[in-house]
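> Here you go, one structure.
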Amino acid sequence: MTLRKSLILLEKQFDMKNFIFKFILIIFLVAGAMNVFAVSTKKVSPKKEIIYQVPVLVYHSFGSAPLKKESWMRMHYRVTAEAFQSQMKYLSDDGYHPISFSTYVNSLKDNTKLPDKAVVLTFDDGWVSQYNYAVPILEKYKFTATFFVITDYVNNKYKAYMSWDNLKDLVKNNFEIASHTESHPILTKLDFKKLANELNGSKKILEDKLSVKVMTLAYPDYAQNQTVRDAAKLAGYVGSRAGWSNIQNSNANIYQLKSQEVVNNPNPFSSKRLPDLP
Ligand SMILES: [Zn+2]
C-alpha cells in the first residue's frame, strides 16, 4: 500500500469515526430534548372538583314577636324564639348534624367526610337578640353554629349588639366566631386599602380580644367580586360565605360559598320556600 492510499484509508476511517461520534451525540441530544419536552408538557391533572350539598342557613335578628313598626322585609327576617325553636326541633328530629362554617370550608378543601345530613347554622351582624333568644335553643339541642360579627358594633352604645363578654361566652361554649367586617360596608365599592383594612382589622381584633383563630368571613349584603375574594384570601381567611339561595357548593368556590336566609316561619324547611333543602 502506498503512502497515499494509506492516508486516504486513514482519512475515511477518521470520517467514519467522526460520523459515528456525531450520530451518537445527536441521538443523546434528541433524547435529552425529548425528555425535557416530556417533562415540560407533563399533564398536571386538574384538582378534582368536590361538590357538597350542605345547607348553609343565614339568620339575622330574633325577637319574642315580630316588631310591627318594621318593614315587611325586616319583620320577615326577624325570627321569633318560637319559630326558631320549631326550626331547630325539625332539624334535630330529621337527623341533621350542624357543623361550623370553617369545618364545612375545610372539608370542602381537603375532601374530608362530613356527618350525614350536615347543616351549617350562621348568624350575622352580632345582634344581642341572637345571644338572648337563639343561643339557649342551640344549646338545648347541642347544636354548634358560626357567628359572623361586625366588630365596630361590639359593645356599642345602642346595646342591640353583643358585648365582648357575650362573644367570650360563645367561644367558651364552642361556637365559632368569624368576621362580618369592621363596619359592614359594601366591599365591592371600597378601594383596595379600605377593603384590606376591613378584612384584616376585623380578623385581628376578634383574634386579640377572644384568643381564637378567625378562619372565615361573611360578605356584608353578600356583595363580592374577584377583587374582594382575592383580598379575603390575602387576609388569611380559608373561605367565605356569599348568597344565592342554593345549597350546592364546590371546592372551586371556597370564597363564594352559597347560603340561604331563613325567614320567620315555624317550619320553612318542609315548605316550598326552600325547595332545595333536602
Ligand atoms: Zn350583615
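Following the order of the C-alpha cells, chains are lettered A, B, ..., residues in each are numbered from 1, and ligands are numbered from 1.
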Please give me, as JSON, numbers by chain, the residues lying within 12 Å of ligand 1 when counting only C-alpha atoms and all ligand atoms.
{"A": [58, 59, 60, 61, 77, 122, 123, 124, 125, 126, 127, 147, 148, 149, 150, 151, 153, 179, 180, 181, 182, 183, 184, 185, 186, 187, 217, 218, 219, 220, 221, 222, 223, 241, 242, 243, 261]}
> Store the residues of this selection in a file with N, CA and C atoms, as a CSV table (one decimal), in the first residue's frame.

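File produced: result_30.csv:
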```
chain,number,residue,atom,x,y,z
A,58,VAL,N,-78.8,31.2,57.0
A,58,VAL,CA,-78.4,32.5,57.5
A,58,VAL,C,-79.5,33.1,58.3
A,59,TYR,N,-79.2,33.5,59.6
A,59,TYR,CA,-80.1,34.1,60.5
A,59,TYR,C,-79.6,35.5,60.8
A,60,HIS,N,-80.6,36.4,61.1
A,60,HIS,CA,-80.2,37.8,61.5
A,60,HIS,C,-80.7,38.0,62.9
A,61,SER,N,-81.6,38.9,63.1
A,61,SER,CA,-82.0,39.2,64.5
A,61,SER,C,-83.2,38.3,64.9
A,77,TYR,N,-87.5,38.7,58.4
A,77,TYR,CA,-86.2,38.1,58.7
A,77,TYR,C,-85.9,38.1,60.2
A,122,THR,N,-75.6,29.8,60.5
A,122,THR,CA,-74.8,31.0,60.6
A,122,THR,C,-75.7,32.2,61.1
A,123,PHE,N,-75.1,33.1,61.9
A,123,PHE,CA,-75.8,34.2,62.5
A,123,PHE,C,-75.0,35.5,62.1
A,124,ASP,N,-75.7,36.4,61.5
A,124,ASP,CA,-75.0,37.6,61.0
A,124,ASP,C,-75.1,38.8,61.9
A,125,ASP,N,-74.1,39.7,61.9
A,125,ASP,CA,-74.1,41.0,62.4
A,125,ASP,C,-73.8,41.1,63.9
A,126,GLY,N,-74.0,40.1,64.7
A,126,GLY,CA,-73.7,40.1,66.1
A,126,GLY,C,-74.8,40.7,66.9
A,127,TRP,N,-76.1,40.6,66.5
A,127,TRP,CA,-77.2,41.1,67.3
A,127,TRP,C,-77.2,40.4,68.7
A,147,PHE,N,-71.0,32.5,64.2
A,147,PHE,CA,-71.5,33.9,64.4
A,147,PHE,C,-70.6,34.9,63.6
A,148,PHE,N,-71.1,35.5,62.6
A,148,PHE,CA,-70.3,36.5,61.8
A,148,PHE,C,-70.6,37.9,62.4
A,149,VAL,N,-69.5,38.4,63.0
A,149,VAL,CA,-69.6,39.6,63.9
A,149,VAL,C,-69.1,40.9,63.1
A,150,ILE,N,-69.9,42.0,63.3
A,150,ILE,CA,-69.4,43.3,62.8
A,150,ILE,C,-68.6,43.9,64.0
A,151,THR,N,-67.3,44.0,63.8
A,151,THR,CA,-66.5,44.2,65.1
A,151,THR,C,-66.7,45.7,65.6
A,153,TYR,N,-69.4,47.2,65.9
A,153,TYR,CA,-70.7,47.2,66.6
A,153,TYR,C,-70.6,46.5,68.0
A,179,SER,N,-65.7,36.7,61.0
A,179,SER,CA,-65.8,38.1,60.7
A,179,SER,C,-66.9,38.4,59.7
A,180,HIS,N,-67.6,39.6,60.0
A,180,HIS,CA,-68.5,40.2,59.0
A,180,HIS,C,-68.1,41.6,58.8
A,181,THR,N,-66.8,41.8,58.8
A,181,THR,CA,-66.0,43.0,58.6
A,181,THR,C,-66.1,43.9,59.8
A,182,GLU,N,-65.5,45.1,59.7
A,182,GLU,CA,-65.4,46.1,60.8
A,182,GLU,C,-66.7,46.9,60.9
A,183,SER,N,-67.2,47.4,59.7
A,183,SER,CA,-68.3,48.4,59.7
A,183,SER,C,-69.4,48.0,58.7
A,184,HIS,N,-69.4,46.8,58.2
A,184,HIS,CA,-70.5,46.4,57.3
A,184,HIS,C,-70.6,47.2,56.0
A,185,PRO,N,-69.5,47.5,55.4
A,185,PRO,CA,-69.6,48.3,54.1
A,185,PRO,C,-69.9,47.3,52.9
A,186,ILE,N,-70.3,47.9,51.8
A,186,ILE,CA,-70.4,47.1,50.6
A,186,ILE,C,-69.0,46.9,50.1
A,187,LEU,N,-68.4,45.8,50.2
A,187,LEU,CA,-67.0,45.6,50.0
A,187,LEU,C,-66.6,45.9,48.5
A,217,LEU,N,-65.2,34.4,56.8
A,217,LEU,CA,-65.7,35.7,56.6
A,217,LEU,C,-67.1,35.6,55.9
A,218,ALA,N,-68.0,36.5,56.3
A,218,ALA,CA,-69.3,36.6,55.5
A,218,ALA,C,-69.3,38.0,54.9
A,219,TYR,N,-69.6,38.1,53.6
A,219,TYR,CA,-69.6,39.4,53.0
A,219,TYR,C,-70.9,40.2,53.3
A,220,PRO,N,-70.8,41.4,53.8
A,220,PRO,CA,-72.0,42.2,54.1
A,220,PRO,C,-72.9,42.3,52.8
A,221,ASP,N,-74.1,42.1,53.0
A,221,ASP,CA,-75.1,42.1,51.9
A,221,ASP,C,-74.7,41.1,50.8
A,222,TYR,N,-73.9,40.2,51.1
A,222,TYR,CA,-73.4,39.2,50.1
A,222,TYR,C,-72.6,39.7,48.9
A,223,ALA,N,-72.2,41.0,49.0
A,223,ALA,CA,-71.6,41.7,47.9
A,223,ALA,C,-70.1,41.3,47.8
A,241,ARG,N,-68.5,33.3,53.0
A,241,ARG,CA,-69.9,33.0,52.7
A,241,ARG,C,-70.5,34.1,51.8
A,242,ALA,N,-71.1,33.6,50.7
A,242,ALA,CA,-71.8,34.6,49.8
A,242,ALA,C,-73.3,34.3,49.9
A,243,GLY,N,-74.1,34.6,48.8
A,243,GLY,CA,-75.5,34.4,48.8
A,243,GLY,C,-76.0,33.4,47.9
A,261,GLU,N,-81.1,32.5,53.3
A,261,GLU,CA,-81.7,33.1,54.5
A,261,GLU,C,-82.9,32.3,55.0
```
> Figure out the distance between CA of Val105 in chain A and CA of Gly239 in chain A, please, to one decimal in Å.
6.0 Å
> I need the residue nearest Ile177 in chain A from this list: A:Lys203, A:Lys109, A:Lys48, A:His76. Use only C-alpha atoms for the distance.
A:Lys203
> Which is closer to Gln87 in chain A than all the others in A:Trp244, A:Leu121, A:Leu108, A:Lys189, using only C-alpha atoms?
A:Leu121
> If you run DSSP on this backbone, which residues of range 214-243 of chain A come out as helix (DSSP H, G or I), and could you give them as a PDB file with C-alpha atoms, in the first residue's frame?

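Output file states_16.pdb follows:
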```pdb
ATOM      1  CA  PRO A 220     -71.958  42.207  54.079  1.00  0.00           C
ATOM      2  CA  ASP A 221     -75.095  42.095  51.925  1.00  0.00           C
ATOM      3  CA  TYR A 222     -73.407  39.158  50.125  1.00  0.00           C
ATOM      4  CA  GLN A 226     -62.916  38.715  42.289  1.00  0.00           C
ATOM      5  CA  THR A 227     -61.041  41.593  43.996  1.00  0.00           C
ATOM      6  CA  VAL A 228     -62.953  41.031  47.228  1.00  0.00           C
ATOM      7  CA  ARG A 229     -62.383  37.270  47.065  1.00  0.00           C
ATOM      8  CA  ASP A 230     -58.649  37.803  46.456  1.00  0.00           C
ATOM      9  CA  ALA A 231     -58.484  40.227  49.384  1.00  0.00           C
ATOM     10  CA  ALA A 232     -60.225  37.692  51.636  1.00  0.00           C
ATOM     11  CA  LYS A 233     -57.668  35.069  50.729  1.00  0.00           C
ATOM     12  CA  LEU A 234     -54.806  37.524  51.211  1.00  0.00           C
TER      13      LEU A 234
END
```
